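Asker: This one is start27.cif, mmCIF, C-alpha atoms and all ligand atoms.
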data_model
#
loop_
_atom_site.label_atom_id
_atom_site.label_comp_id
_atom_site.auth_asym_id
_atom_site.auth_seq_id
_atom_site.Cartn_x
_atom_site.Cartn_y
_atom_site.Cartn_z
CA MET M 1 0.28 9.17 30.85
CA LYS M 2 2.36 8.40 27.77
CA SER M 3 1.29 9.11 24.21
CA VAL M 4 2.83 8.56 20.80
CA LYS M 5 1.91 9.65 17.28
CA VAL M 6 3.02 7.59 14.29
CA PHE M 7 2.93 8.05 10.51
CA ALA M 8 2.84 5.13 8.05
CA PRO M 9 3.35 5.79 4.33
CA ALA M 10 1.09 4.74 1.46
CA THR M 11 2.23 1.83 -0.67
CA ILE M 12 1.97 0.45 -4.19
CA GLY M 13 1.18 -3.24 -3.76
CA ASN M 14 2.42 -5.72 -6.41
CA ILE M 15 4.54 -3.09 -8.30
CA GLY M 16 2.85 -4.41 -11.46
CA PRO M 17 3.63 -8.10 -11.97
CA GLY M 18 4.68 -9.08 -8.42
CA PHE M 19 1.25 -10.13 -7.17
CA ASP M 20 1.25 -10.33 -3.36
CA VAL M 21 5.05 -10.30 -3.16
CA LEU M 22 6.41 -6.91 -4.32
CA GLY M 23 5.50 -3.59 -2.73
CA LEU M 24 6.84 -0.04 -2.60
CA ALA M 25 6.40 2.78 -0.08
CA VAL M 26 5.72 6.22 -1.56
CA ASP M 27 6.29 9.74 -0.28
CA GLY M 28 3.67 12.32 0.55
CA LEU M 29 0.66 10.21 1.54
CA GLY M 30 -0.16 8.02 4.50
CA ASP M 31 -2.15 7.50 7.71
CA PHE M 32 -1.53 8.68 11.27
CA VAL M 33 -2.29 6.82 14.47
CA GLU M 34 -1.99 8.43 17.89
CA ALA M 35 -2.01 6.08 20.88
CA ARG M 36 -2.30 7.24 24.49
CA GLU M 37 -2.49 5.55 27.82
CA ILE M 38 -5.89 5.88 29.43
CA PRO M 39 -7.32 4.46 32.68
CA GLY M 40 -8.64 0.90 32.51
CA HIS M 41 -7.55 -2.23 30.70
CA LYS M 42 -9.16 -1.90 27.30
CA LEU M 43 -8.09 -0.57 23.94
CA VAL M 44 -10.68 1.80 22.49
CA ILE M 45 -10.88 3.92 19.35
CA GLU M 46 -11.46 7.48 20.56
CA ASP M 47 -11.78 9.15 17.16
CA ILE M 48 -11.31 8.69 13.44
CA PHE M 49 -10.63 11.83 11.41
CA ASN M 50 -10.74 12.46 7.69
CA ALA M 51 -12.27 9.10 6.70
CA ASP M 52 -13.96 9.17 3.30
CA HIS M 53 -16.04 6.07 4.10
CA ASP M 54 -17.41 4.62 7.31
CA ILE M 55 -14.62 2.98 9.28
CA SER M 56 -15.60 0.86 12.25
CA THR M 57 -14.75 2.12 15.72
CA ASN M 58 -15.23 -1.41 17.05
CA PRO M 59 -11.66 -2.53 17.97
CA ASP M 60 -12.45 -6.05 16.69
CA LYS M 61 -13.33 -4.70 13.25
CA ASN M 62 -10.78 -1.95 12.79
CA THR M 63 -7.43 -2.67 11.12
CA ALA M 64 -5.35 -0.32 13.34
CA ALA M 65 -6.96 -1.61 16.53
CA ILE M 66 -6.62 -5.29 15.54
CA ALA M 67 -2.90 -4.71 14.88
CA ALA M 68 -2.56 -2.76 18.14
CA ASN M 69 -4.25 -5.51 20.18
CA GLU M 70 -2.01 -8.09 18.52
CA ILE M 71 1.04 -6.16 19.74
CA LEU M 72 -0.38 -6.11 23.29
CA ARG M 73 -0.92 -9.87 23.00
CA MET M 74 2.73 -10.32 21.94
CA PHE M 75 3.85 -8.36 25.02
CA ASN M 76 1.29 -10.20 27.13
CA ILE M 77 0.10 -6.86 28.50
CA ARG M 78 -3.38 -5.51 29.20
CA LYS M 79 -3.49 -1.75 29.22
CA GLY M 80 -5.97 1.07 28.80
CA ILE M 81 -5.17 2.62 25.43
CA GLY M 82 -7.01 5.20 23.34
CA LEU M 83 -6.39 5.35 19.59
CA ILE M 84 -6.97 8.37 17.37
CA ILE M 85 -6.75 7.55 13.68
CA THR M 86 -6.28 10.23 11.03
CA LYS M 87 -6.74 8.92 7.51
CA GLY M 88 -4.61 10.41 4.76
CA LEU M 89 -5.58 7.60 2.43
CA PRO M 90 -8.98 6.92 0.90
CA SER M 91 -10.53 3.50 1.58
CA GLY M 92 -10.57 1.04 -1.30
CA SER M 93 -8.18 3.17 -3.36
CA GLY M 94 -5.33 0.72 -3.95
CA LEU M 95 -2.84 2.77 -1.95
CA GLY M 96 -2.67 0.39 0.99
CA GLY M 97 -4.88 2.44 3.31
CA SER M 98 -5.82 -0.41 5.61
CA ALA M 99 -2.16 -1.52 5.69
CA SER M 100 -0.92 1.96 6.63
CA SER M 101 -3.40 2.23 9.50
CA ALA M 102 -2.44 -1.26 10.69
CA ALA M 103 1.29 -0.50 10.42
CA ALA M 104 0.88 2.75 12.34
CA GLY M 105 -1.25 1.00 14.99
CA ALA M 106 1.34 -1.75 15.50
CA VAL M 107 4.33 0.61 15.67
CA ALA M 108 2.52 3.04 18.02
CA ILE M 109 1.71 0.34 20.57
CA ASN M 110 5.20 -1.14 20.35
CA GLU M 111 6.56 2.30 21.23
CA LEU M 112 4.03 2.79 24.03
CA CYS M 113 5.21 -0.51 25.50
CA ASN M 114 8.85 0.69 25.31
CA GLY M 115 9.66 -1.02 22.00
CA GLY M 116 11.58 -4.20 21.55
CA LEU M 117 9.58 -6.09 18.94
CA SER M 118 11.32 -7.02 15.69
CA ASN M 119 10.25 -5.74 12.28
CA ASP M 120 8.92 -9.23 11.51
CA GLN M 121 6.72 -9.14 14.62
CA LEU M 122 5.42 -5.67 13.71
CA ILE M 123 4.65 -6.87 10.18
CA GLN M 124 2.89 -9.98 11.50
CA ALA M 125 0.71 -7.95 13.88
CA ALA M 126 -0.19 -5.45 11.15
CA MET M 127 -1.00 -8.28 8.71
CA LYS M 128 -3.67 -9.52 11.12
CA GLY M 129 -5.33 -6.12 10.97
CA GLU M 130 -5.18 -5.91 7.21
CA ALA M 131 -6.36 -9.49 6.71
CA TYR M 132 -9.63 -8.61 8.46
CA VAL M 133 -10.55 -5.96 5.90
CA SER M 134 -8.90 -7.30 2.74
CA GLY M 135 -9.88 -10.94 3.00
CA GLY M 136 -6.34 -12.15 2.31
CA TYR M 137 -3.12 -12.73 4.14
CA PHE M 138 -0.30 -10.89 2.35
CA ALA M 139 2.43 -8.41 3.25
CA ASP M 140 3.05 -6.48 0.04
CA ASN M 141 1.53 -3.30 1.50
CA ILE M 142 2.39 -3.82 5.17
CA ALA M 143 6.08 -4.65 4.67
CA PRO M 144 7.05 -1.57 2.62
CA SER M 145 4.88 0.65 4.81
CA ILE M 146 6.83 -0.50 7.88
CA LEU M 147 10.30 -0.86 6.34
CA GLY M 148 10.29 1.82 3.61
CA GLY M 149 11.52 1.41 0.01
CA ALA M 150 10.63 -1.70 -1.96
CA THR M 151 10.16 -5.09 -0.32
CA LEU M 152 9.81 -8.70 -1.42
CA THR M 153 7.71 -11.14 0.60
CA GLN M 154 9.55 -14.44 0.27
CA SER M 155 7.12 -16.36 2.42
CA ILE M 156 4.14 -15.70 4.67
CA ASN M 157 4.43 -18.72 6.92
CA PRO M 158 7.04 -18.46 8.27
CA LEU M 159 7.22 -14.75 7.51
CA LYS M 160 10.26 -13.84 5.42
CA VAL M 161 10.50 -10.34 4.02
CA LEU M 162 13.43 -8.84 2.17
CA LYS M 163 14.04 -5.10 2.00
CA LEU M 164 15.19 -4.44 -1.56
CA GLY M 165 16.16 -0.76 -1.60
CA SER M 166 14.98 2.06 -3.82
CA ILE M 167 15.54 3.69 -7.21
CA ASP M 168 16.80 7.29 -7.05
CA GLU M 169 15.71 8.26 -10.56
CA LEU M 170 12.18 6.94 -10.18
CA ILE M 171 9.32 9.44 -10.41
CA ILE M 172 5.82 8.03 -9.85
CA ILE M 173 2.62 9.54 -11.18
CA LEU M 174 -0.24 8.30 -8.98
CA ILE M 175 -3.76 8.78 -10.29
CA THR M 176 -6.64 7.78 -8.03
CA PRO M 177 -10.03 7.71 -9.76
CA LYS M 178 -12.79 8.63 -7.34
CA ILE M 179 -14.38 5.21 -7.27
CA GLN M 180 -14.00 2.58 -4.59
CA ILE M 181 -12.81 -0.98 -5.24
CA LEU M 182 -12.55 -3.17 -2.18
CA THR M 183 -9.51 -5.47 -2.16
CA LYS M 184 -11.76 -8.34 -1.10
CA ASP M 185 -13.91 -7.90 -4.23
CA SER M 186 -10.99 -7.46 -6.58
CA ARG M 187 -9.37 -10.65 -5.28
CA ASP M 188 -12.61 -12.56 -5.79
CA VAL M 189 -12.61 -11.84 -9.55
CA LEU M 190 -9.20 -13.43 -10.08
CA PRO M 191 -9.09 -16.83 -11.73
CA LYS M 192 -7.68 -19.78 -9.80
CA ASN M 193 -5.32 -20.64 -12.68
CA ILE M 194 -3.33 -18.53 -15.13
CA SER M 195 -1.80 -19.46 -18.46
CA ARG M 196 1.75 -20.73 -18.69
CA SER M 197 2.79 -17.75 -20.86
CA ALA M 198 1.39 -15.21 -18.36
CA PHE M 199 3.15 -17.06 -15.54
CA ILE M 200 6.50 -17.05 -17.34
CA GLU M 201 6.29 -13.36 -18.26
CA ASN M 202 5.17 -12.28 -14.78
CA MET M 203 7.85 -14.38 -13.12
CA ALA M 204 10.57 -12.87 -15.34
CA ASN M 205 9.25 -9.34 -14.80
CA THR M 206 8.98 -9.80 -11.02
CA ALA M 207 12.54 -11.12 -10.82
CA SER M 208 13.77 -8.22 -12.96
CA ILE M 209 11.97 -5.60 -10.85
CA THR M 210 13.45 -7.19 -7.71
CA ALA M 211 16.91 -6.80 -9.27
CA ALA M 212 16.03 -3.23 -10.35
CA PHE M 213 15.35 -2.15 -6.74
CA CYS M 214 18.40 -4.02 -5.42
CA ASN M 215 20.64 -2.31 -7.96
CA ASN M 216 19.02 1.15 -8.01
CA ASP M 217 18.47 0.56 -11.75
CA TYR M 218 15.65 2.55 -13.33
CA SER M 219 16.09 0.97 -16.80
CA LEU M 220 15.53 -2.49 -15.45
CA LEU M 221 12.27 -1.35 -13.83
CA LYS M 222 10.97 0.43 -16.89
CA ASP M 223 11.67 -2.53 -19.17
CA ASN M 224 9.72 -4.93 -16.97
CA LEU M 225 6.71 -3.08 -15.56
CA ARG M 226 4.17 -5.35 -17.21
CA ASP M 227 1.54 -7.56 -15.58
CA LEU M 228 -0.03 -10.14 -17.87
CA ALA M 229 -1.60 -12.28 -15.17
CA ILE M 230 -3.76 -9.99 -13.03
CA GLU M 231 -4.24 -6.71 -14.90
CA PRO M 232 -6.52 -8.15 -17.62
CA TYR M 233 -9.07 -9.12 -14.94
CA ARG M 234 -8.84 -6.09 -12.67
CA SER M 235 -8.60 -3.41 -15.35
CA LYS M 236 -12.24 -4.08 -16.29
CA PHE M 237 -13.30 -2.44 -13.02
CA ILE M 238 -11.41 0.78 -13.78
CA PRO M 239 -13.42 2.86 -16.28
CA GLY M 240 -11.25 3.94 -19.23
CA PHE M 241 -8.22 1.90 -18.08
CA ASP M 242 -7.00 0.98 -21.58
CA LYS M 243 -7.32 4.55 -22.87
CA VAL M 244 -5.60 5.95 -19.77
CA LYS M 245 -2.72 3.54 -20.30
CA ILE M 246 -2.37 4.58 -23.93
CA ALA M 247 -2.50 8.26 -22.85
CA ALA M 248 0.25 7.62 -20.27
CA LEU M 249 2.55 5.81 -22.68
CA ASP M 250 1.88 8.24 -25.57
CA SER M 251 2.75 11.19 -23.35
CA GLY M 252 6.11 9.69 -22.39
CA ALA M 253 5.55 7.31 -19.45
CA ASP M 254 7.91 4.33 -19.36
CA GLY M 255 5.17 2.06 -17.99
CA MET M 256 1.84 2.03 -16.21
CA ALA M 257 0.18 -0.52 -13.94
CA ILE M 258 -2.55 -0.88 -11.32
CA SER M 259 -1.50 0.01 -7.77
CA GLY M 260 -2.40 -2.91 -5.51
CA SER M 261 -5.96 -3.96 -6.21
CA GLY M 262 -6.85 -0.58 -7.76
CA PRO M 263 -8.47 1.67 -8.76
CA THR M 264 -5.31 3.81 -8.37
CA VAL M 265 -2.98 3.44 -11.32
CA PHE M 266 0.65 4.53 -11.42
CA ALA M 267 2.87 5.54 -14.29
CA ILE M 268 6.64 5.88 -14.14
CA THR M 269 9.21 8.24 -15.63
CA ASN M 270 12.62 9.64 -14.71
CA SER M 271 11.83 13.12 -16.05
CA LYS M 272 10.12 15.78 -13.87
CA LYS M 273 9.03 17.66 -16.98
CA LYS M 274 7.44 14.58 -18.54
CA ALA M 275 5.73 13.69 -15.22
CA LYS M 276 3.54 16.80 -15.35
CA ILE M 277 2.48 16.08 -18.94
CA ILE M 278 1.80 12.41 -18.20
CA GLU M 279 -0.29 13.35 -15.17
CA ARG M 280 -2.33 15.86 -17.18
CA GLU M 281 -3.01 13.39 -20.02
CA MET M 282 -4.00 10.53 -17.69
CA VAL M 283 -6.40 12.73 -15.72
CA HIS M 284 -7.82 14.11 -18.97
CA GLU M 285 -8.56 10.57 -20.16
CA PHE M 286 -10.24 9.59 -16.88
CA ASN M 287 -12.30 12.81 -17.07
CA ASN M 288 -13.33 11.82 -20.61
CA HIS M 289 -14.88 8.76 -19.02
CA GLY M 290 -16.73 10.91 -16.49
CA ILE M 291 -14.36 10.04 -13.65
CA GLU M 292 -12.85 12.64 -11.30
CA CYS M 293 -9.40 11.89 -9.88
CA ASN M 294 -6.90 12.76 -7.19
CA MET M 295 -3.34 12.92 -8.45
CA LEU M 296 0.15 13.12 -7.05
CA ILE M 297 3.61 13.16 -8.57
CA THR M 298 5.86 11.51 -6.04
CA VAL M 299 8.94 9.36 -5.41
CA PRO M 300 9.65 6.21 -3.37
CA SER M 301 9.70 6.72 0.39
CA LYS M 302 12.96 5.36 1.74
CA SER M 303 11.59 5.66 5.28
CA GLY M 304 8.85 3.42 6.56
CA THR M 305 6.55 3.87 9.55
CA ARG M 306 7.94 6.47 11.93
CA ILE M 307 7.25 8.12 15.25
CA ILE M 308 6.53 11.78 14.76
CA LYS M 309 5.66 12.73 18.35
CA ALA M 310 6.16 11.05 21.72
CA ASN M 311 5.37 12.40 25.19
N1 LIG M 401 -1.47 -7.89 -3.29
C1 LIG M 401 -2.75 -7.36 -2.93
C2 LIG M 401 -3.69 -7.55 -4.11
C3 LIG M 401 -2.58 -5.92 -2.62
O1 LIG M 401 -3.27 -7.23 -5.23
O2 LIG M 401 -4.81 -8.01 -3.92
C4 LIG M 401 -3.83 -5.21 -2.26
O3 LIG M 401 -3.53 -3.81 -2.15
#
Any chance you could give the structure as structure tokens?
Ligand code: HSE

Answerer:
Amino acid sequence: MKSVKVFAPATIGNIGPGFDVLGLAVDGLGDFVEAREIPGHKLVIEDIFNADHDISTNPDKNTAAIAANEILRMFNIRKGIGLIITKGLPSGSGLGGSASSAAAGAVAINELCNGGLSNDQLIQAAMKGEAYVSGGYFADNIAPSILGGATLTQSINPLKVLKLGSIDELIIILITPKIQILTKDSRDVLPKNISRSAFIENMANTASITAAFCNNDYSLLKDNLRDLAIEPYRSKFIPGFDKVKIAALDSGADGMAISGSGPTVFAITNSKKKAKIIEREMVHEFNNHGIECNMLITVPSKSGTRIIKAN
């Protein structure tokens, strides 16, 4: 009986202004999915480890299993498969946890069926899984988690995703306040329309950040990491957000934004020494608001979802 274990990295959806289109894979965090052939013709979830909230073991309600079943559908195969999910990412944290599980589920089943699906097919299958839990159809977490580096979703239907590259100098300070914000809820608070000035600024910043990742240009990223369209609405759900941002910038960060739909925020620098100070000051400010945090100083992950064990 074959088995395969896969790791899918965490991601920063939106990279600030690029709502639903830009995303970046990061090092050091992610989810694992192990898939193994079992007797029978059904896909079942055998175990879920390290989950901080209840995650459904019903294959119709679980992001990794939905993605996995979608891959089986693409191959037109019915097989007995057992999934073991190990969460490295908290739920509702803004680090693309449901996307990572879905990406790992899709890639694991593709491998178990001897591979052959394109990246676009893997992304499409994983998007089905994520859509179930997030209430939206977007690829800004799934695409970088599968492909690595930064990605741009050009279109959802038909799916067109561009891999942009990475920025060698970029150091990311990720601070995750220990509160949960579900993507579904934080999409519901967004207005249907935005002002012309916010649209123009976000469009210019998104285009500039796209160019920054294509050209490995840290300066271009730091000069454009500003989101005028979405942040004003979502920041209200993150206690102390404005003060944390001031603390980040005052202690030397070149920018700070919400990761995906929050509550994780990320600051950027190109100095290892500054990163430690920025991290300390941001955490201190969250603590002042009575909020405990997890924190990580990291870099972009150039690799996407990968097989770490196959038997
Ligand atoms: N683009 C999505 C959003 C990402 O901001 O709602 C969710 O992580």

Asker: Can you pull out every residue within 6 Å of M:Phe32, counting all atoms listed in the file, but drop anything in the same chain fewer than 6 positions away, and send it as a ChimeraX atom specification?

Answerer: /M:6-7,85-86

Asker: Which value, in Å to one decimal, gives the distance between atom CA of M:Ile48 and atom CA of M:Arg187?

Answerer: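 Computing it gives 27.0 Å between the two atoms.
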
Asker: Closest to M:Phe75 among M:Ala106, M:Val265, M:Ala99, M:Leu117, using only C-alpha atoms?

Answerer: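 Of all the options, M:Leu117 lies closest to M:Phe75.
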
Asker: Could you make a table, as a Markdown table, of the residues of chain M that have an atom within 7 Å of an atom of ligand LIG 401 (chain M), each with its nearest atom pair and distance in Å to one decimal, counting all atoms listed in the file, in chain and number order?

Answerer:
| residue | atom | partner | partner_atom | distance |
| --- | --- | --- | --- | --- |
| M:Gly13 | CA | M:LIG401 | C3 | 4.8 |
| M:Asn14 | CA | M:LIG401 | N1 | 5.4 |
| M:Phe19 | CA | M:LIG401 | N1 | 5.2 |
| M:Asp20 | CA | M:LIG401 | N1 | 3.7 |
| M:Val21 | CA | M:LIG401 | N1 | 7.0 |
| M:Gly94 | CA | M:LIG401 | O3 | 5.2 |
| M:Leu95 | CA | M:LIG401 | O3 | 6.6 |
| M:Gly96 | CA | M:LIG401 | O3 | 5.3 |
| M:Phe138 | CA | M:LIG401 | N1 | 6.5 |
| M:Asp140 | CA | M:LIG401 | N1 | 5.8 |
| M:Asn141 | CA | M:LIG401 | O3 | 6.3 |
| M:Thr183 | CA | M:LIG401 | O2 | 5.6 |
| M:Ser186 | CA | M:LIG401 | O2 | 6.8 |
| M:Arg187 | CA | M:LIG401 | O2 | 5.4 |
| M:Gly260 | CA | M:LIG401 | O3 | 3.7 |
| M:Ser261 | CA | M:LIG401 | O1 | 4.3 |

Asker: Provide the atom CA of M:Pro177 to atom CA of M:Thr57 distance in Å, to one decimal place.

Answerer: 26.5 Å

Asker: Please indicate the distance in Å from atom CA of M:Ser100 to atom CA of M:Ser3, rounded to one decimal place.

Answerer: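 Spanning atom CA of M:Ser100 to atom CA of M:Ser3 is a straight-line distance of 19.1 Å.
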
Asker: Taking all atoms listed in the file into account, which of M:Ile109, M:Ile291, M:Leu22, M:Ala212 comes nearest M:Ala35?

Answerer: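 Under the stated criterion, the closest residue is M:Ile109.
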
Asker: Could you list as a list of chain:residue names every residue that has an atom within 7 Å of (5.9, 4.9, -12.0), using the file's coordinates and counting all atoms listed in the file?

Answerer: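 Output: M:Leu170, M:Ile171, M:Ile172, M:Ile173, M:Gly255, M:Met256, M:Phe266, M:Ala267, M:Ile268, M:Thr269.
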
Asker: Which residue is closest to M:Leu221? Choose from M:Thr63, M:Thr11, M:Tyr233, M:Ser208 and count only C-alpha atoms.

Answerer: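 Going through M:Thr63, M:Thr11, M:Tyr233, M:Ser208 one by one, the smallest distance to M:Leu221 is for M:Ser208.
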